[in-house]
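Engineer: Handing you this structure, nothing more for now.
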Amino acid sequence: MESKLRAILPDAELLKMYEQMVLAREFEESCAEQYTKGHITGFLHLYSGQEAVAVGATAALHRDDYILSAYREHAQAIVRGAEPRRVMAELFGKATGLCKGKGGSMHLFSPELSFMGGYAIVGGQFPIAVGLAFAATYRKEDRIAACFFGDGAVNQGTFHESLNWARLWELPVLFVCENNFYGIGTSVARASALSDIHRRTCGYDIPSVRVDGMDVVAVHEAVKRGAEWVREQSRPYLIEAMTYRFRGHSMADPGKYRSLAEVELWKARDPIPNFAKRLVEEGIATEAQLSGIRQQALVTVADAVAFAEESPWPEDDEVYRDIYV
Amino acid sequence: MPEMTYRDALNLALKEEMRRDPSVVIWGEDVALYEGSFKVTRGLLAEFGEERVKDTPISENTIVGVAAGAAMGGLRPVAELMTVNFALLAMDQIINHVTKIRYMFGGQVTLPLVIRAPGGGGSQLAAQHSQSLETYFMHAPGMYVAVPATAADAKGLLKSAIRDDNPVMFLEHELLYNSKGEVPDDPEFVIPLGRADVKRAGKDVTIVAYSRMTILALQAAEELEKEGISCEVVDLRTLTPLDEETFVESAKRTGRAVVVEECWRSAGLGGHLAAIIAEECFDRLLAPVRRVSGLDVPMPYSRKLERLCIPQVEGIAAAVRETLSGKY
Ligand SMILES: Cc1ncc(C[n+]2csc(CCOP(=O)(O)OP(=O)(O)O)c2C)c(N)n1
Ligand SMILES: [Mg+2]
């Protein structure tokens with residue numbers, strides 16, 4: 001059989017995306033366990049189910065492109081290249097964490113990776129992404145800003161202000177909406193007058209597209225096209241990726257607002273096993289290879305947990321550091 | 001030293017810093033083509049062009065957020081909020097983002113941005129356009145707050161603010177824009193953030209003030225001089241960092257202190273300053289610390305009523321006399 005996937009991307013890149021999705025999933029599952037054990041505290045929002053979005057999108061962006069996200073961003077950071085060890089240590093609140101234990105789960109950040117942060121005020125990252133895109137344009141740097149956000153964020157003023165601004169100043173911002181159908185327990189239909197989020201850009205003369213967010217290759221292609229357009233035109237573009245979170249909004253959410261049938265329907269569309277099936281069917285990988293990838297992810301995650309556990313707590317005087325330069 | 005207005009001193013500071021550093025960019029509502037609603041940005045578009053001097057939509061939260069992002073991306077934006085009252089629409093970006101980003105990201109990024117905002121009462125602009133919100137900004141760690149009273153301080157502090165790697169909220173007083181003073185024309189003249197200035201030396205009472213209240217305090221001191229009362233006037237110049245040392249030392253020396261704030265008294269700046277003086281100078285104080293404050297009311301429009309709401313020279317003088325009266 002002719003491989004459709006291979007026509008789109010080389011084997012190595014396809015396998016890399018598979019590997020990243022599996023690592024992201026295993027990382028999140030491990031977070032849930034560590035939360036139950038009391039090692040991770042505070043808010044914990046897991047990404048399980050949405051992996052195809054972060055993985056497909058990141059693979060389609062340039063290494064220097066800025067990435068910003070909300071508080072459900074562990075996978076975004078890891079896929080961009082953050083060490084799982086240092087992300088886990090951050091979640092544990094340890095000194096070796098990505099942000100010295102000061103940000104926690106919702107505030108991962110790594111300027112070397114152009115990963116410009118996880119933000120926990122819904123919609124807070126929009127203007128910051130626009131500002132980064134302005135700085136890049138002003139400094140004549142070849143980079144765009146990719147701004148990830150949820151379906152709930154599109155009813156914030158900053159969404160509309162930032163779309164208008166990015167178009168007005170002609171700035172290279174790729175807006176990526178991860179529409180997982182809910183903002184906590186409120187469905188899109190109960191929060192947005194127009195449920196087709198991608199259509200909301202027409203008031204700002206910004207092109208947009210909707211894509212299957214459970215299909216890593218589809219996301220990759222959409223983001224590649226979108227990012228190319230943004231780069232060439234120096235103008236904003238919006239992608240709405242239809243996805244689903246398999247777990248509750250956070251660890252505190254029992255998820256009573258959605259039916260088991262609905263969750264099962266989406267779990268049948270799990271981006272990981274479905275992609276695995278295609279990889280095997282199209283002869284890109286064997287079952288054994290894929291299970292090896294999963295074993296490796298488990299090892300990486302176990303190592304991250306051990307690292308976080310063994311890491312020291314921050315010194316008390318850290319509390320006053322980093323407020324001012 | 002040339003004499004110029006507070007407005008022109010600010011304008012000169014902006015021009016000098018833009019000439020000095022191409023990463024300084026300016027934006028805000030009506031700052032470019034219209035040259036600013038208070039004309040502080042006059043001539044900037046002509047000299048520096050559309051790339052660096054930019055009009056924005058009326059989107060205050062985004063004006064600040066875009067500046068924060070641009071600062072993270074290597075620029076030194078100076079964002080103007082048309083008046084400080086509109087900063088309330090930007091409080092999410094100012095308080096939840098600008099003051100938090102460096103800390104919550106473990107010190108991995110700097111935010112060298114300045115947010116300029118004119119404010120204060122006294123122009124009969126009524127309740128929504130007359131506020132003194134300085135404590136709102138000094139309440140949150142993570143940002144400096146500058147409150148210049150004179151033309152020279154306006155220039156020197158703004159230049160420091162632009163060069164500083166921390167975010168600075170730069171609060172200008174609308175009634176001071178036309179005030180004149182001598183201003184050094186040396187482009188390297190700067191005033192460090194966090195250093196109060198003894199604007200008048202004295203021995204009987206310390207008056208602690210900032211922004212326009214400093215000017216009123218100096219006038220009160222002049223009046224009181226005629227009665228044989230010697231006042232020391234400490235101008236804070238920045239509220240964060242707060243130069244406690246200077247006013248605490250002064251209060252210890254004089255044994256009496258009056259603090260003047262244009263903002264509301266409730267949870268105000270005066271209470272904070274008075275607490276510091278009480279804690280640090282208790283055994284040296286000869287009288288309770290007095291507060292002269294803005295009245296705890298929304299600002300009324302009528303000239304007759306508005307005057308009651310803002311500290312006046314007579315009120316400051318009366319408070320000073322009271323601390324000397326022996327009757328508390
Ligand atoms: C300004 C603001 N309002 C409310 C909240 C509380 N809150 C946290 S997440 C969330 C839902 C956001 O949903 P969405 O944007 O769809 O993202 P998702 O959680 O689905 O990834 C809400 C209301 C917040 N953090 N910030
Ligand atoms: Mg959602």
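Ligands are numbered from 1 in the order shown, chains are lettered A, B, ... in the order of the structure tokens, and residues start at 1 in each chain.
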Which chains and residue numbers are within 9 Å of ligand 2, counting only C-alpha atoms and all ligand atoms, if I want them as a list in words?
Structural biologist: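 For ligand 2, the residues inside 9 Å are Phe149, Gly150, Asp151, Gly152, Ala153, Cys177, Glu178, Asn179, Asn180, Phe181, Tyr182, Gly183, Ile184, Gly185, Thr186, Ser187, Val188, Thr243, Tyr244, Arg245 and His249 of chain A.
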Engineer: Can those selected residues be exported to a file as a compact mmCIF listing (two decimals), in the first residue's frame so that it contains all heavy atoms?
Structural biologist:
```txt
# COMPACT_ATOMS: atom_id res chain seq x y z
N PHE A 149 -4.11 28.91 22.97
CA PHE A 149 -5.13 29.30 23.96
C PHE A 149 -6.33 28.39 23.83
O PHE A 149 -6.47 27.66 22.84
CB PHE A 149 -5.54 30.76 23.73
CG PHE A 149 -6.01 31.04 22.32
CD1 PHE A 149 -7.37 31.03 22.01
CD2 PHE A 149 -5.09 31.29 21.32
CE1 PHE A 149 -7.80 31.27 20.71
CE2 PHE A 149 -5.51 31.52 20.01
CZ PHE A 149 -6.87 31.51 19.70
N GLY A 150 -7.19 28.43 24.82
CA GLY A 150 -8.36 27.56 24.83
C GLY A 150 -9.58 28.22 24.23
O GLY A 150 -9.60 29.41 23.93
N ASP A 151 -10.62 27.43 24.07
CA ASP A 151 -11.88 27.94 23.56
C ASP A 151 -12.49 28.96 24.52
O ASP A 151 -13.23 29.85 24.11
CB ASP A 151 -12.88 26.79 23.34
CG ASP A 151 -12.94 25.88 24.56
OD1 ASP A 151 -12.07 25.00 24.67
OD2 ASP A 151 -13.83 26.07 25.41
N GLY A 152 -12.17 28.80 25.81
CA GLY A 152 -12.74 29.74 26.79
C GLY A 152 -12.13 31.13 26.68
O GLY A 152 -12.76 32.12 27.03
N ALA A 153 -10.91 31.20 26.17
CA ALA A 153 -10.18 32.47 26.15
C ALA A 153 -10.70 33.44 25.09
O ALA A 153 -10.41 34.64 25.14
CB ALA A 153 -8.69 32.21 25.92
N CYS A 177 -6.04 28.10 18.50
CA CYS A 177 -7.06 27.81 19.50
C CYS A 177 -7.16 26.30 19.68
O CYS A 177 -7.39 25.57 18.72
CB CYS A 177 -8.41 28.36 19.06
SG CYS A 177 -9.71 28.02 20.26
N GLU A 178 -6.99 25.85 20.90
CA GLU A 178 -7.21 24.44 21.20
C GLU A 178 -8.63 24.31 21.72
O GLU A 178 -8.89 24.51 22.90
CB GLU A 178 -6.19 23.95 22.24
CG GLU A 178 -4.76 24.11 21.76
CD GLU A 178 -3.77 23.32 22.61
OE1 GLU A 178 -3.96 22.11 22.81
OE2 GLU A 178 -2.80 23.94 23.08
N ASN A 179 -9.53 24.04 20.81
CA ASN A 179 -10.94 23.94 21.19
C ASN A 179 -11.22 22.53 21.70
O ASN A 179 -11.42 21.60 20.93
CB ASN A 179 -11.82 24.27 19.98
CG ASN A 179 -13.30 24.29 20.36
OD1 ASN A 179 -13.67 23.85 21.45
ND2 ASN A 179 -14.13 24.79 19.47
N ASN A 180 -11.22 22.43 23.03
CA ASN A 180 -11.54 21.13 23.65
C ASN A 180 -12.98 21.12 24.16
O ASN A 180 -13.34 20.34 25.02
CB ASN A 180 -10.53 20.78 24.75
CG ASN A 180 -10.52 21.81 25.86
OD1 ASN A 180 -11.41 22.66 25.94
ND2 ASN A 180 -9.54 21.72 26.75
N PHE A 181 -13.76 22.03 23.65
CA PHE A 181 -15.21 22.10 23.87
C PHE A 181 -15.65 22.62 25.24
O PHE A 181 -16.82 22.88 25.44
CB PHE A 181 -15.89 20.75 23.59
CG PHE A 181 -15.79 20.35 22.15
CD1 PHE A 181 -14.68 19.64 21.67
CD2 PHE A 181 -16.79 20.71 21.25
CE1 PHE A 181 -14.58 19.30 20.34
CE2 PHE A 181 -16.69 20.37 19.92
CZ PHE A 181 -15.59 19.65 19.44
N TYR A 182 -14.72 22.78 26.15
CA TYR A 182 -15.11 23.25 27.48
C TYR A 182 -14.10 24.24 28.05
O TYR A 182 -12.90 24.08 27.87
CB TYR A 182 -15.21 22.08 28.48
CG TYR A 182 -16.30 21.11 28.13
CD1 TYR A 182 -16.05 20.02 27.30
CD2 TYR A 182 -17.60 21.28 28.62
CE1 TYR A 182 -17.04 19.12 26.95
CE2 TYR A 182 -18.61 20.40 28.27
CZ TYR A 182 -18.33 19.32 27.44
OH TYR A 182 -19.33 18.45 27.10
N GLY A 183 -14.63 25.23 28.76
CA GLY A 183 -13.83 26.06 29.64
C GLY A 183 -14.28 25.65 31.04
O GLY A 183 -15.41 25.92 31.42
N ILE A 184 -13.44 24.94 31.75
CA ILE A 184 -13.82 24.22 32.97
C ILE A 184 -15.08 23.39 32.65
O ILE A 184 -15.01 22.46 31.87
CB ILE A 184 -14.00 25.12 34.20
CG1 ILE A 184 -12.72 26.00 34.41
CG2 ILE A 184 -14.22 24.26 35.45
CD1 ILE A 184 -12.72 26.81 35.70
N GLY A 185 -16.24 23.80 33.21
CA GLY A 185 -17.45 22.99 33.00
C GLY A 185 -18.45 23.63 32.05
O GLY A 185 -19.58 23.15 31.90
N THR A 186 -18.04 24.72 31.39
CA THR A 186 -18.97 25.42 30.50
C THR A 186 -18.61 25.13 29.05
O THR A 186 -17.51 25.45 28.59
CB THR A 186 -18.93 26.94 30.79
OG1 THR A 186 -19.23 27.13 32.18
CG2 THR A 186 -19.97 27.67 29.96
N SER A 187 -19.55 24.56 28.35
CA SER A 187 -19.27 24.20 26.96
C SER A 187 -19.24 25.45 26.09
O SER A 187 -19.77 26.50 26.46
CB SER A 187 -20.35 23.24 26.45
OG SER A 187 -21.58 23.92 26.40
N VAL A 188 -18.62 25.31 24.94
CA VAL A 188 -18.53 26.43 24.00
C VAL A 188 -19.93 26.96 23.69
O VAL A 188 -20.18 28.17 23.65
CB VAL A 188 -17.81 25.99 22.71
CG1 VAL A 188 -17.89 27.08 21.66
CG2 VAL A 188 -16.36 25.65 23.01
N THR A 243 -10.27 19.47 19.54
CA THR A 243 -9.61 18.44 20.33
C THR A 243 -10.44 18.13 21.57
O THR A 243 -11.60 18.55 21.67
CB THR A 243 -8.16 18.89 20.66
OG1 THR A 243 -7.48 17.87 21.34
CG2 THR A 243 -8.12 20.16 21.48
N TYR A 244 -9.89 17.38 22.48
CA TYR A 244 -10.65 16.97 23.65
C TYR A 244 -9.67 16.62 24.77
O TYR A 244 -8.63 16.01 24.51
CB TYR A 244 -11.49 15.74 23.31
CG TYR A 244 -12.70 15.55 24.20
CD1 TYR A 244 -13.84 16.33 24.03
CD2 TYR A 244 -12.69 14.60 25.21
CE1 TYR A 244 -14.95 16.17 24.84
CE2 TYR A 244 -13.81 14.43 26.04
CZ TYR A 244 -14.94 15.21 25.85
OH TYR A 244 -16.02 15.04 26.65
N ARG A 245 -10.02 17.04 25.98
CA ARG A 245 -9.17 16.59 27.10
C ARG A 245 -9.83 15.39 27.75
O ARG A 245 -11.02 15.39 28.01
CB ARG A 245 -8.87 17.71 28.09
CG ARG A 245 -10.07 18.35 28.74
CD ARG A 245 -9.70 19.25 29.91
NE ARG A 245 -10.77 20.18 30.21
CZ ARG A 245 -11.92 19.85 30.78
NH1 ARG A 245 -12.16 18.60 31.11
NH2 ARG A 245 -12.85 20.75 31.00
N HIS A 249 -10.91 19.19 34.03
CA HIS A 249 -10.24 20.47 33.79
C HIS A 249 -8.93 20.54 34.57
O HIS A 249 -7.89 20.91 34.05
CB HIS A 249 -11.16 21.62 34.20
CG HIS A 249 -10.44 22.93 34.29
ND1 HIS A 249 -10.04 23.61 33.17
CD2 HIS A 249 -10.01 23.66 35.36
CE1 HIS A 249 -9.39 24.72 33.55
NE2 HIS A 249 -9.37 24.76 34.86
```
Engineer: Which chain A residues are at most 7 Å from chain B (counting only C-alpha atoms), as a list of chain:residue names?
Structural biologist: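 That gives the following set of residues: A:Cys99, A:Lys100, A:Lys102, A:Gly103, A:His107, A:Leu108, A:Phe109, A:Pro127, A:Ile128, A:Ala129, A:Val130, A:Gly131, A:Leu132, A:Phe134, A:Ala135, A:Ala136, A:Thr158, A:Glu161, A:Ser162, A:Asp322, A:Ile323, A:Tyr324, A:Val325.
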Engineer: So which residues touch Ala95 in chain A within 9 Å, counting only C-alpha atoms, skipping near sequence neighbours fewer than 5 positions away, as a count of residues only?
Structural biologist: 10
Engineer: Can you tell me, as an NGL selection string, which residues in range 37-174 of chain A count as strand (DSSP E) by DSSP?
Structural biologist: :A and (66-69 or 115-118 or 145-150 or 173-174)
Engineer: Grab the CA of Leu171 in chain A to CA of Ile144 in chain A distance for me, in Å with one decimal place.
Structural biologist: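 Taking CA of Leu171 in chain A and CA of Ile144 in chain A, their separation equals 8.3 Å.
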